Amino acid sequence: MNAAPQALADIKVVEFGGYAAGSHAGKILANFGATVVHLESHGRPDGFRLEYPPFKDGVAGVNRGGCFAFFNDSKYGATLDLKKPEGLELARRLIDWADVVIENMRPGVMARIGLSYEAISKTNPGLIMLSTCNMGQTGPRAHTPGFGSQLSSLAGFCGTIGEADGPPMLLYGPYIDFIASLMGCSAVLAALDHKRSTGKGRWIDLSQYECGLHFMAGALFAYHRDGTIAERNGNRDSVAAPHGAYPCRDGRWLALSCWSDDEFAALADSLDCRTLADDSRFLRIESRRNNTQALDEALTASLRKRDAETIAKTLQHAGVCAYPVNTVADLFNDPQLLERRSWRRRKHPEIGEQAYLMPGFDLSTTPGDVTHAAPCLGGDNDTVFKHFLGLSEEEFDAYAGKNALS
Amino acid sequence: MGGMQSGLPDSLLSGCKVLDLSGRLGWLAGRMLADLGADVIKIEAPGAALDDAEWRALNVNKRLLRLDQANRAGRQAIERMIGAVDILIETARPGDPTDAWLEPERLSRLNPDLIHVSVTPFGRSGARAGWRGSDLEIMAAGGAMALAGDPDGAPLRISVPQAASWAGAHAATGALVALSHRTAGGAGQHVDVSAQASVVVALAHAPTFFDILSEAPSRAGSHITGRSVHGAVYRAFWPCKDGYINFVIYGGPAGRRTNKALVAWMREKGLDLGPLADLDWDTFDPKLATQEDVDRIEAPLLDFFRSITKSEFLEGACAREMLGYPVSTVADIAADPQLDAREFWQDLATPDGASERHCGPFYIADTLRPELRNPAVDDAGSSASILRDFGFSSEEIAALPTKRTEAAA
C-alpha cells in the first residue's frame, strides 16, 4: 500500500460495464487514490474475465484472467444482480454514495434498468456520469455494437499502417479504447473540479470513435483544407530521411531518423560508413528522400554488423534520434520504464504476481501507485456494502439471502 | 484578475488559466484543456509560421500570444505570466541549458500553486532522459512498432504520427489530477509525462502475455492468428469496391449473430453461398477450424465484399447489427453522417474571411457539445489584449518582443 498522500483520495467511483474503455478510465483514477468499485454480477461477469486470454497457466477461470486484471488494479470488486429489485436498490445506494459513475453499456441500457442520468442525479445532484461507447449516445448509428479493434479501422488508423502498395495492417487490441479512456478520465476530472465550485454534476457523453479522430486531427484538417488524403507509407516520413527500422546483428531492430544533413553526416560518421558518407545521392535530404531504397539498403548492410542497444547509444551521443524497437518482452527491461517504475508487481490471490502498468504521467508530491492487485469477482462485497455503504450485518445478510449480491 | 477570458461561465474548467509553451509533444494537452473550458494561451515566437495542419488542428481553441522565448525580455514576461496561471505545459529537453529557466524547482518557488506539466520523449529522469526521439523512436521505445506490420517485414509505425497524441492525452489527464488535488486544498506540483511510457498504454494487455505466460505477442500483420488450435489464419481485411473492409469471422454470441446476418445479406443479394448455405453457425467454432475449413468459408465472402462499397457495408452492417467496419480514409470520415448528426465538425472563421473545419471538442456534456471559441490566428491586437489581461501596461507591452523585427536574434 502507498503511504504517500494521493491526489484523488476523496473521490468515489462506481463502474457499470466492463472490457477496456470504461475500466481503464476508472483504473487511472484508482491509481491516483480514488476509491473505485467495479460492479459486476455472477450471471454476467466482465467480458474480459472469461473471453480474453491470457489466463494463469493457460487455464480459463473467472479469477484467472490476466487481461481483466490488467485494467482493474487498485479497485474493489463487488457483485449485484440488477435483475432483482434488491440488487437494483443497492446499486442506487452505491450511486448515491459515489461522486462518479462510469458506464460503457450500449446506449439506452442504463435507462432501461432505471439508471439513466436523469433518474440517478435526482437523489445525487452533484453526480458525474461518464457514458462511453463506440458511437456516442446519439446519432443514426448510436446503437451499433462494435469492438474497439475494428473501430480503429473506421477511425482511419488501420488504413494508415502498412506499405504503400500493400494491405492495411492490424493494431494489437482495442487501440482506440485507450484514447477514449484517457479523454473520458480528463472530462470526469474537469467535471469534478466544476462540481467543487458549483455543486453541479454533469453527464458526459463520450464517443470512442470521436476521441480516436482527435489522434487523426492533423490529417483530417489537411483533408478539409485542401483534399489531401493521408495514406499508409511504411515507415517513411515527408521530411526525415533516413526514417525507418533496421535489423541489427543481435536480432533486434533499431528505429532511427535524420531530420537534417548535419544529423545524417553524424550518422555516417558514427557508423564509420563510407558508402553512406560518399554517395552523392545521400548528401542532401531531398535527394535521400528520393533514394530511400538505396539508402535503406546501405544502412541495413552497416547496421547488420552492430547490436541495436550499442549503436543507439552511439547515435544518441552524436545527436541522432535512435532507439531499439522494444518488443513486449523488452519493455520489462527498458531502463527508462524501470526508472519511472512503470511496472508495479502486485500479488493476486489466484494469478499470483502480476505486473501492472502505471499511466504515462506521474505527480511529484502526490504520486500514483498500484495500491493492490485486481479484485476477484465480488471479492470485496463485505468492504463495499458494509464499510462503504454502512450496511449492518443483518442488512447485509438479508440482501445476500435474497441473492441480491450474486 | 478582471477581464480575463475564461470561456463560458458554465464550462467545466471556467476560470482555469493555462500557459502552453509546448512543442508538438504537448499540443494535444492544451487543446484538451481548452475543449474542457480552460483559457489556454499558446505562446509562439513572432514570425513563426503556423499553417502546418497539425499545428492548426491541435492549437485551435487556444488564444495565440506571439512572444519570443529566446529573448530575455520575452522570458521575463512569460515568467510573470507563470506567476498568474494555474497550469503550465512545456516540452523542454531535460538537461538543455537554454531551458534551465523552466526547471520545476525554480518555477515552483515562483508560483507554489503552479501545476507544471513537462512532456518529454522519455521522462525527466534516468540515463536516457536527454535522448532525442521523434514519433518513430518513441513508438519503437514504447513497444508499438513491435506489434504492427507484417510478421515477415519491418516493424511499422502508424503513418499518421501518434506518439505526441498519447503523450498529450496523458499530460492533460495528469494536469487535471493535480488540479483536482489543488482544488481540494493541496498545493501545486510537477507532472512528469513520458511519451514512451504513454505509448505503452496503447498496447492493451499484450505485455500481460509475456508477464504471466512468457509469450511475447509480435507483429499482427493483416490477418488474425492465434485463434485456432490448428493454427488456421483468418482474414481481417477484405478488398471491396472502393478499398477495404475490416471483418472477422468471430465465435461467441455477437460473432454468431454477425455471421448469420452476413449470410442472410448475401442471400438477399442472390450471391452464390457455396459451403455457407449449409453451415451451422451455432456449432461452428473458430477455435477448432483448420485452414482448409477457413479457406472454404472465406471464398464466397471474398466475392460478396468485392461487390459492395465501404459506405454500403457501413450502413448495411449497422442496420443488421453486425460487427465489422470499413477501413476508412480521412475522406470517408469527413462524409460520415454519424459525425454530422452529433455536430462533431465545427467551422471557425479566420480574420481573412476564410473558414477552417476542425474536430469539435471531444465530449458532449448534458447533451451539448461545447463550441470552439478561438481560431488561434494572428489578429490585430490579440497579443496585446492577452498581455493586458495579465496586467501588463501599454508601455510594457510596447517594449516586449511580440513582433518580428530585423533586430530580433
# chains A, B, ... in the order shown; residues from 1 in each chain; ligands from 1
$ residues_around --residues "region 12-24 of chain B" --least-positions-apart "4" --cutoff "9 Å" --atoms "only C-alpha atoms" --output "PyMOL selection string"
(chain A and resi 187+190-195) or (chain B and resi 4-8+28-30+33-34+36-44+54-55+58+62+69+78+81-82+84-92+118-119+164-165+168)
$ residues_around --residues "region 287-293 of chain B" --least-positions-apart "4" --cutoff "9 Å" --atoms "only C-alpha atoms" --output "list in words"
Gly226, Arg227, Ser228, Val229, His230, Gly231, Ala232, Val233, Tyr234, Gly251, Ile297 and Glu298 of chain B
$ select_by_dssp --residues "region 215-311 of chain A" --states "strand (DSSP E or B)" --output "list in words"
Asn233, Asn235, His243, Gly244, Ala245, Tyr246, Pro247, Trp253, Leu254, Ala255, Leu256 and Ser257 of chain A
$ atom_distance --atom1 "CA of Gly360 (chain B)" --atom2 "CA of Ala376 (chain B)"
14.3 Å
$ closest_residue --among "B:Val263, B:Leu400, B:Ala100, B:Ala167" --to "Leu279 (chain B)" --atoms "only C-alpha atoms"
B:Val263
$ residues_around --residues "Val188 (chain A)" --least-positions-apart "6" --cutoff "9 Å" --atoms "only C-alpha atoms" --output "list in words"
Val100, Ile128, Met129, Leu130, Arg202 and Ile204 of chain A
$ residues_around --residues "region 101-109 of chain B" --least-positions-apart "4" --cutoff "9 Å" --atoms "only C-alpha atoms" --output "VMD selection string"
chain B and resid 75 79 82 to 83 90 92 94 97 113 to 118 188 to 190
$ select_by_dssp --residues "region 148-327 of chain B" --states "alpha helix (DSSP H)" --output "ChimeraX atom specification"
/B:163-183,195-200,206-213,252-268,291-306,310-319
$ residues_around --residues "region 312-323 of chain A" --least-positions-apart "2" --cutoff "8 Å" --atoms "only C-alpha atoms" --output "ChimeraX atom specification"
/A:254-258,263-264,266-267,270,308-310,325 /B:131-134,137-138,140-141
$ write_last_selection --atoms "N, CA and C atoms" --output "mmCIF file, in the first residue's frame"
data_model
loop_
_atom_site.group_PDB
_atom_site.id
_atom_site.type_symbol
_atom_site.label_atom_id
_atom_site.label_comp_id
_atom_site.auth_asym_id
_atom_site.auth_seq_id
_atom_site.Cartn_x
_atom_site.Cartn_y
_atom_site.Cartn_z
ATOM 1 N N LEU A 254 16.455 -1.533 -34.972
ATOM 2 C CA LEU A 254 16.769 -0.186 -34.495
ATOM 3 C C LEU A 254 15.938 0.819 -35.288
ATOM 4 N N ALA A 255 15.207 1.683 -34.568
ATOM 5 C CA ALA A 255 14.489 2.775 -35.242
ATOM 6 C C ALA A 255 15.392 4.000 -35.229
ATOM 7 N N LEU A 256 15.535 4.652 -36.356
ATOM 8 C CA LEU A 256 16.344 5.880 -36.389
ATOM 9 C C LEU A 256 15.818 6.828 -37.447
ATOM 10 N N SER A 257 16.115 8.117 -37.260
ATOM 11 C CA SER A 257 15.698 9.112 -38.250
ATOM 12 C C SER A 257 16.687 10.268 -38.269
ATOM 13 N N CYS A 258 16.859 10.849 -39.453
ATOM 14 C CA CYS A 258 17.714 12.042 -39.580
ATOM 15 C C CYS A 258 16.877 13.171 -40.168
ATOM 16 N N GLU A 263 22.658 15.904 -39.194
ATOM 17 C CA GLU A 263 22.391 14.656 -38.475
ATOM 18 C C GLU A 263 22.804 13.451 -39.318
ATOM 19 N N PHE A 264 22.561 13.544 -40.620
ATOM 20 C CA PHE A 264 22.952 12.416 -41.471
ATOM 21 C C PHE A 264 24.474 12.261 -41.507
ATOM 22 N N ALA A 266 26.451 12.997 -39.126
ATOM 23 C CA ALA A 266 26.813 12.402 -37.836
ATOM 24 C C ALA A 266 26.527 10.904 -37.843
ATOM 25 N N LEU A 267 25.442 10.512 -38.496
ATOM 26 C CA LEU A 267 25.102 9.090 -38.601
ATOM 27 C C LEU A 267 26.167 8.328 -39.385
ATOM 28 N N SER A 270 29.288 8.126 -37.326
ATOM 29 C CA SER A 270 29.190 7.197 -36.200
ATOM 30 C C SER A 270 29.265 5.754 -36.668
ATOM 31 N N ALA A 308 21.831 -3.452 -31.567
ATOM 32 C CA ALA A 308 20.901 -2.315 -31.533
ATOM 33 C C ALA A 308 21.167 -1.370 -30.356
ATOM 34 N N GLU A 309 21.329 -1.945 -29.178
ATOM 35 C CA GLU A 309 21.478 -1.140 -27.961
ATOM 36 C C GLU A 309 22.761 -0.286 -28.030
ATOM 37 N N THR A 310 23.853 -0.913 -28.446
ATOM 38 C CA THR A 310 25.149 -0.227 -28.503
ATOM 39 C C THR A 310 25.112 0.920 -29.503
ATOM 40 N N VAL A 325 13.893 -1.033 -31.246
ATOM 41 C CA VAL A 325 12.462 -1.335 -31.283
ATOM 42 C C VAL A 325 12.203 -2.326 -30.138
ATOM 43 N N TRP B 131 17.744 11.787 -24.209
ATOM 44 C CA TRP B 131 17.782 11.203 -25.551
ATOM 45 C C TRP B 131 16.769 11.878 -26.459
ATOM 46 N N ARG B 132 17.160 11.913 -27.737
ATOM 47 C CA ARG B 132 16.264 12.507 -28.728
ATOM 48 C C ARG B 132 15.323 11.438 -29.273
ATOM 49 N N GLY B 133 14.087 11.832 -29.493
ATOM 50 C CA GLY B 133 13.153 10.888 -30.096
ATOM 51 C C GLY B 133 12.081 11.617 -30.860
ATOM 52 N N SER B 134 11.904 11.243 -32.123
ATOM 53 C CA SER B 134 10.750 11.747 -32.872
ATOM 54 C C SER B 134 9.646 10.700 -32.739
ATOM 55 N N GLU B 137 10.924 6.954 -33.059
ATOM 56 C CA GLU B 137 11.703 6.352 -31.972
ATOM 57 C C GLU B 137 10.847 6.162 -30.724
ATOM 58 N N ILE B 138 9.900 7.089 -30.494
ATOM 59 C CA ILE B 138 9.043 6.939 -29.305
ATOM 60 C C ILE B 138 8.096 5.749 -29.485
ATOM 61 N N ALA B 140 8.778 3.170 -31.225
ATOM 62 C CA ALA B 140 9.655 1.999 -31.088
ATOM 63 C C ALA B 140 9.923 1.713 -29.614
ATOM 64 N N ALA B 141 10.273 2.760 -28.858
ATOM 65 C CA ALA B 141 10.629 2.586 -27.451
ATOM 66 C C ALA B 141 9.430 2.150 -26.617
#
$ residues_around --residues "region 228-240 of chain A" --least-positions-apart "3" --cutoff "6 Å" --atoms "only C-alpha atoms" --output "tab-separated table (two decimals) with C-alpha atoms, in the first residue's frame"
chain	number	residue	atom	x	y	z
A	160	THR	CA	-2.65	4.23	-42.42
A	161	ILE	CA	-0.50	1.30	-41.32
A	162	GLY	CA	1.34	-0.80	-43.88
A	163	GLU	CA	3.35	-0.41	-47.03
A	164	ALA	CA	2.01	1.95	-49.70
A	222	ALA	CA	-5.41	18.72	-44.08
A	223	TYR	CA	-8.19	16.88	-45.91
A	243	HIS	CA	13.42	7.28	-41.29
A	244	GLY	CA	12.81	3.64	-40.52
A	258	CYS	CA	17.71	12.04	-39.58
A	259	TRP	CA	15.99	15.42	-39.82
B	156	LEU	CA	5.93	-0.29	-38.51
B	159	SER	CA	1.93	6.71	-40.88
$ residues_around --residues "Phe215 (chain A)" --least-positions-apart "2" --cutoff "12 Å" --atoms "only C-alpha atoms" --output "ChimeraX atom specification"
/A:152,155-157,175-176,178-180,183,208-213,217-221 /B:27-29,31-32,54,57-58,158-169,359,362
$ atom_distance --atom1 "CA of Gly274 (chain B)" --atom2 "CA of Pro300 (chain B)"
6.5 Å
$ closest_residue --among "B:Thr309, B:Thr208, B:Asn374, B:Ser214" --to "Tyr244 (chain B)" --atoms "only C-alpha atoms"
B:Thr309
$ closest_residue --among "A:Ser116, A:Asn72, A:Thr365, A:Ser41" --to "chain B" --atoms "only C-alpha atoms"
A:Thr365
$ closest_residue --among "A:Asp81, A:Asp99, A:Asp397, A:Asp57" --to "chain B" --atoms "only C-alpha atoms"
A:Asp57
$ closest_residue --among "A:Ile95, A:Met105, A:Ile311, A:Leu331" --to "Gln137 (chain A)" --atoms "only C-alpha atoms"
A:Met105
$ closest_residue --among "A:Ser153, A:Arg49, A:Ala329, A:Gly61" --to "Ile245 (chain B)" --atoms "only C-alpha atoms"
A:Ser153
$ decode --residues "region 106-169 of chain B" --atoms "C-alpha atoms" --output "PDB file, in the first residue's frame"
ATOM      1  CA  ARG B 106      12.644  27.157  -9.833  1.00  0.00           C
ATOM      2  CA  LEU B 107       9.112  27.705 -11.155  1.00  0.00           C
ATOM      3  CA  SER B 108       7.588  26.196  -8.043  1.00  0.00           C
ATOM      4  CA  ARG B 109       9.308  28.912  -5.977  1.00  0.00           C
ATOM      5  CA  LEU B 110       7.914  31.480  -8.382  1.00  0.00           C
ATOM      6  CA  ASN B 111       4.368  30.127  -8.027  1.00  0.00           C
ATOM      7  CA  PRO B 112       3.787  27.423  -5.373  1.00  0.00           C
ATOM      8  CA  ASP B 113       0.258  26.849  -6.707  1.00  0.00           C
ATOM      9  CA  LEU B 114       1.529  26.139 -10.210  1.00  0.00           C
ATOM     10  CA  ILE B 115       0.751  22.802 -11.855  1.00  0.00           C
ATOM     11  CA  HIS B 116       3.804  22.388 -14.016  1.00  0.00           C
ATOM     12  CA  VAL B 117       3.465  19.775 -16.747  1.00  0.00           C
ATOM     13  CA  SER B 118       6.656  18.632 -18.511  1.00  0.00           C
ATOM     14  CA  VAL B 119       6.209  16.458 -21.575  1.00  0.00           C
ATOM     15  CA  THR B 120       9.354  14.758 -22.864  1.00  0.00           C
ATOM     16  CA  PRO B 121      10.099  11.738 -25.059  1.00  0.00           C
ATOM     17  CA  PHE B 122      11.471   9.566 -22.215  1.00  0.00           C
ATOM     18  CA  GLY B 123      10.634  11.359 -18.950  1.00  0.00           C
ATOM     19  CA  ARG B 124      12.683  13.914 -16.991  1.00  0.00           C
ATOM     20  CA  SER B 125      14.886  11.492 -15.073  1.00  0.00           C
ATOM     21  CA  GLY B 126      17.006   8.466 -15.884  1.00  0.00           C
ATOM     22  CA  ALA B 127      20.086   7.874 -18.017  1.00  0.00           C
ATOM     23  CA  ARG B 128      18.173   8.413 -21.252  1.00  0.00           C
ATOM     24  CA  ALA B 129      16.139  11.446 -20.176  1.00  0.00           C
ATOM     25  CA  GLY B 130      18.083  13.607 -22.617  1.00  0.00           C
ATOM     26  CA  TRP B 131      17.782  11.203 -25.551  1.00  0.00           C
ATOM     27  CA  ARG B 132      16.264  12.507 -28.728  1.00  0.00           C
ATOM     28  CA  GLY B 133      13.153  10.888 -30.096  1.00  0.00           C
ATOM     29  CA  SER B 134      10.750  11.747 -32.872  1.00  0.00           C
ATOM     30  CA  ASP B 135       7.435   9.946 -33.356  1.00  0.00           C
ATOM     31  CA  LEU B 136       9.238   6.923 -34.830  1.00  0.00           C
ATOM     32  CA  GLU B 137      11.703   6.352 -31.972  1.00  0.00           C
ATOM     33  CA  ILE B 138       9.043   6.939 -29.305  1.00  0.00           C
ATOM     34  CA  MET B 139       6.688   4.423 -30.935  1.00  0.00           C
ATOM     35  CA  ALA B 140       9.655   1.999 -31.088  1.00  0.00           C
ATOM     36  CA  ALA B 141      10.629   2.586 -27.451  1.00  0.00           C
ATOM     37  CA  GLY B 142       7.020   2.228 -26.280  1.00  0.00           C
ATOM     38  CA  GLY B 143       6.654  -1.187 -27.931  1.00  0.00           C
ATOM     39  CA  ALA B 144       4.023  -0.136 -30.501  1.00  0.00           C
ATOM     40  CA  MET B 145       6.166  -0.838 -33.568  1.00  0.00           C
ATOM     41  CA  ALA B 146       6.922  -4.385 -32.427  1.00  0.00           C
ATOM     42  CA  LEU B 147       3.183  -5.102 -32.679  1.00  0.00           C
ATOM     43  CA  ALA B 148       2.456  -3.518 -36.091  1.00  0.00           C
ATOM     44  CA  GLY B 149       3.455  -4.604 -39.559  1.00  0.00           C
ATOM     45  CA  ASP B 150       3.781  -7.820 -41.488  1.00  0.00           C
ATOM     46  CA  PRO B 151       5.450 -10.599 -39.451  1.00  0.00           C
ATOM     47  CA  ASP B 152       7.934 -11.051 -42.329  1.00  0.00           C
ATOM     48  CA  GLY B 153       8.543  -7.335 -42.826  1.00  0.00           C
ATOM     49  CA  ALA B 154       9.822  -4.465 -40.721  1.00  0.00           C
ATOM     50  CA  PRO B 155       8.133  -3.237 -37.535  1.00  0.00           C
ATOM     51  CA  LEU B 156       5.928  -0.292 -38.512  1.00  0.00           C
ATOM     52  CA  ARG B 157       4.620   2.922 -37.070  1.00  0.00           C
ATOM     53  CA  ILE B 158       1.227   4.351 -37.961  1.00  0.00           C
ATOM     54  CA  SER B 159       1.927   6.713 -40.879  1.00  0.00           C
ATOM     55  CA  VAL B 160      -0.064   9.497 -39.158  1.00  0.00           C
ATOM     56  CA  PRO B 161       2.155  10.332 -36.124  1.00  0.00           C
ATOM     57  CA  GLN B 162       0.683   9.159 -32.829  1.00  0.00           C
ATOM     58  CA  ALA B 163       3.289   9.339 -30.055  1.00  0.00           C
ATOM     59  CA  ALA B 164       2.724  13.026 -29.306  1.00  0.00           C
ATOM     60  CA  SER B 165      -1.020  12.475 -29.032  1.00  0.00           C
ATOM     61  CA  TRP B 166      -0.513   9.674 -26.495  1.00  0.00           C
ATOM     62  CA  ALA B 167       1.770  11.981 -24.530  1.00  0.00           C
ATOM     63  CA  GLY B 168      -0.629  14.914 -24.832  1.00  0.00           C
ATOM     64  CA  ALA B 169      -3.684  12.964 -23.674  1.00  0.00           C
TER      65      ALA B 169
END
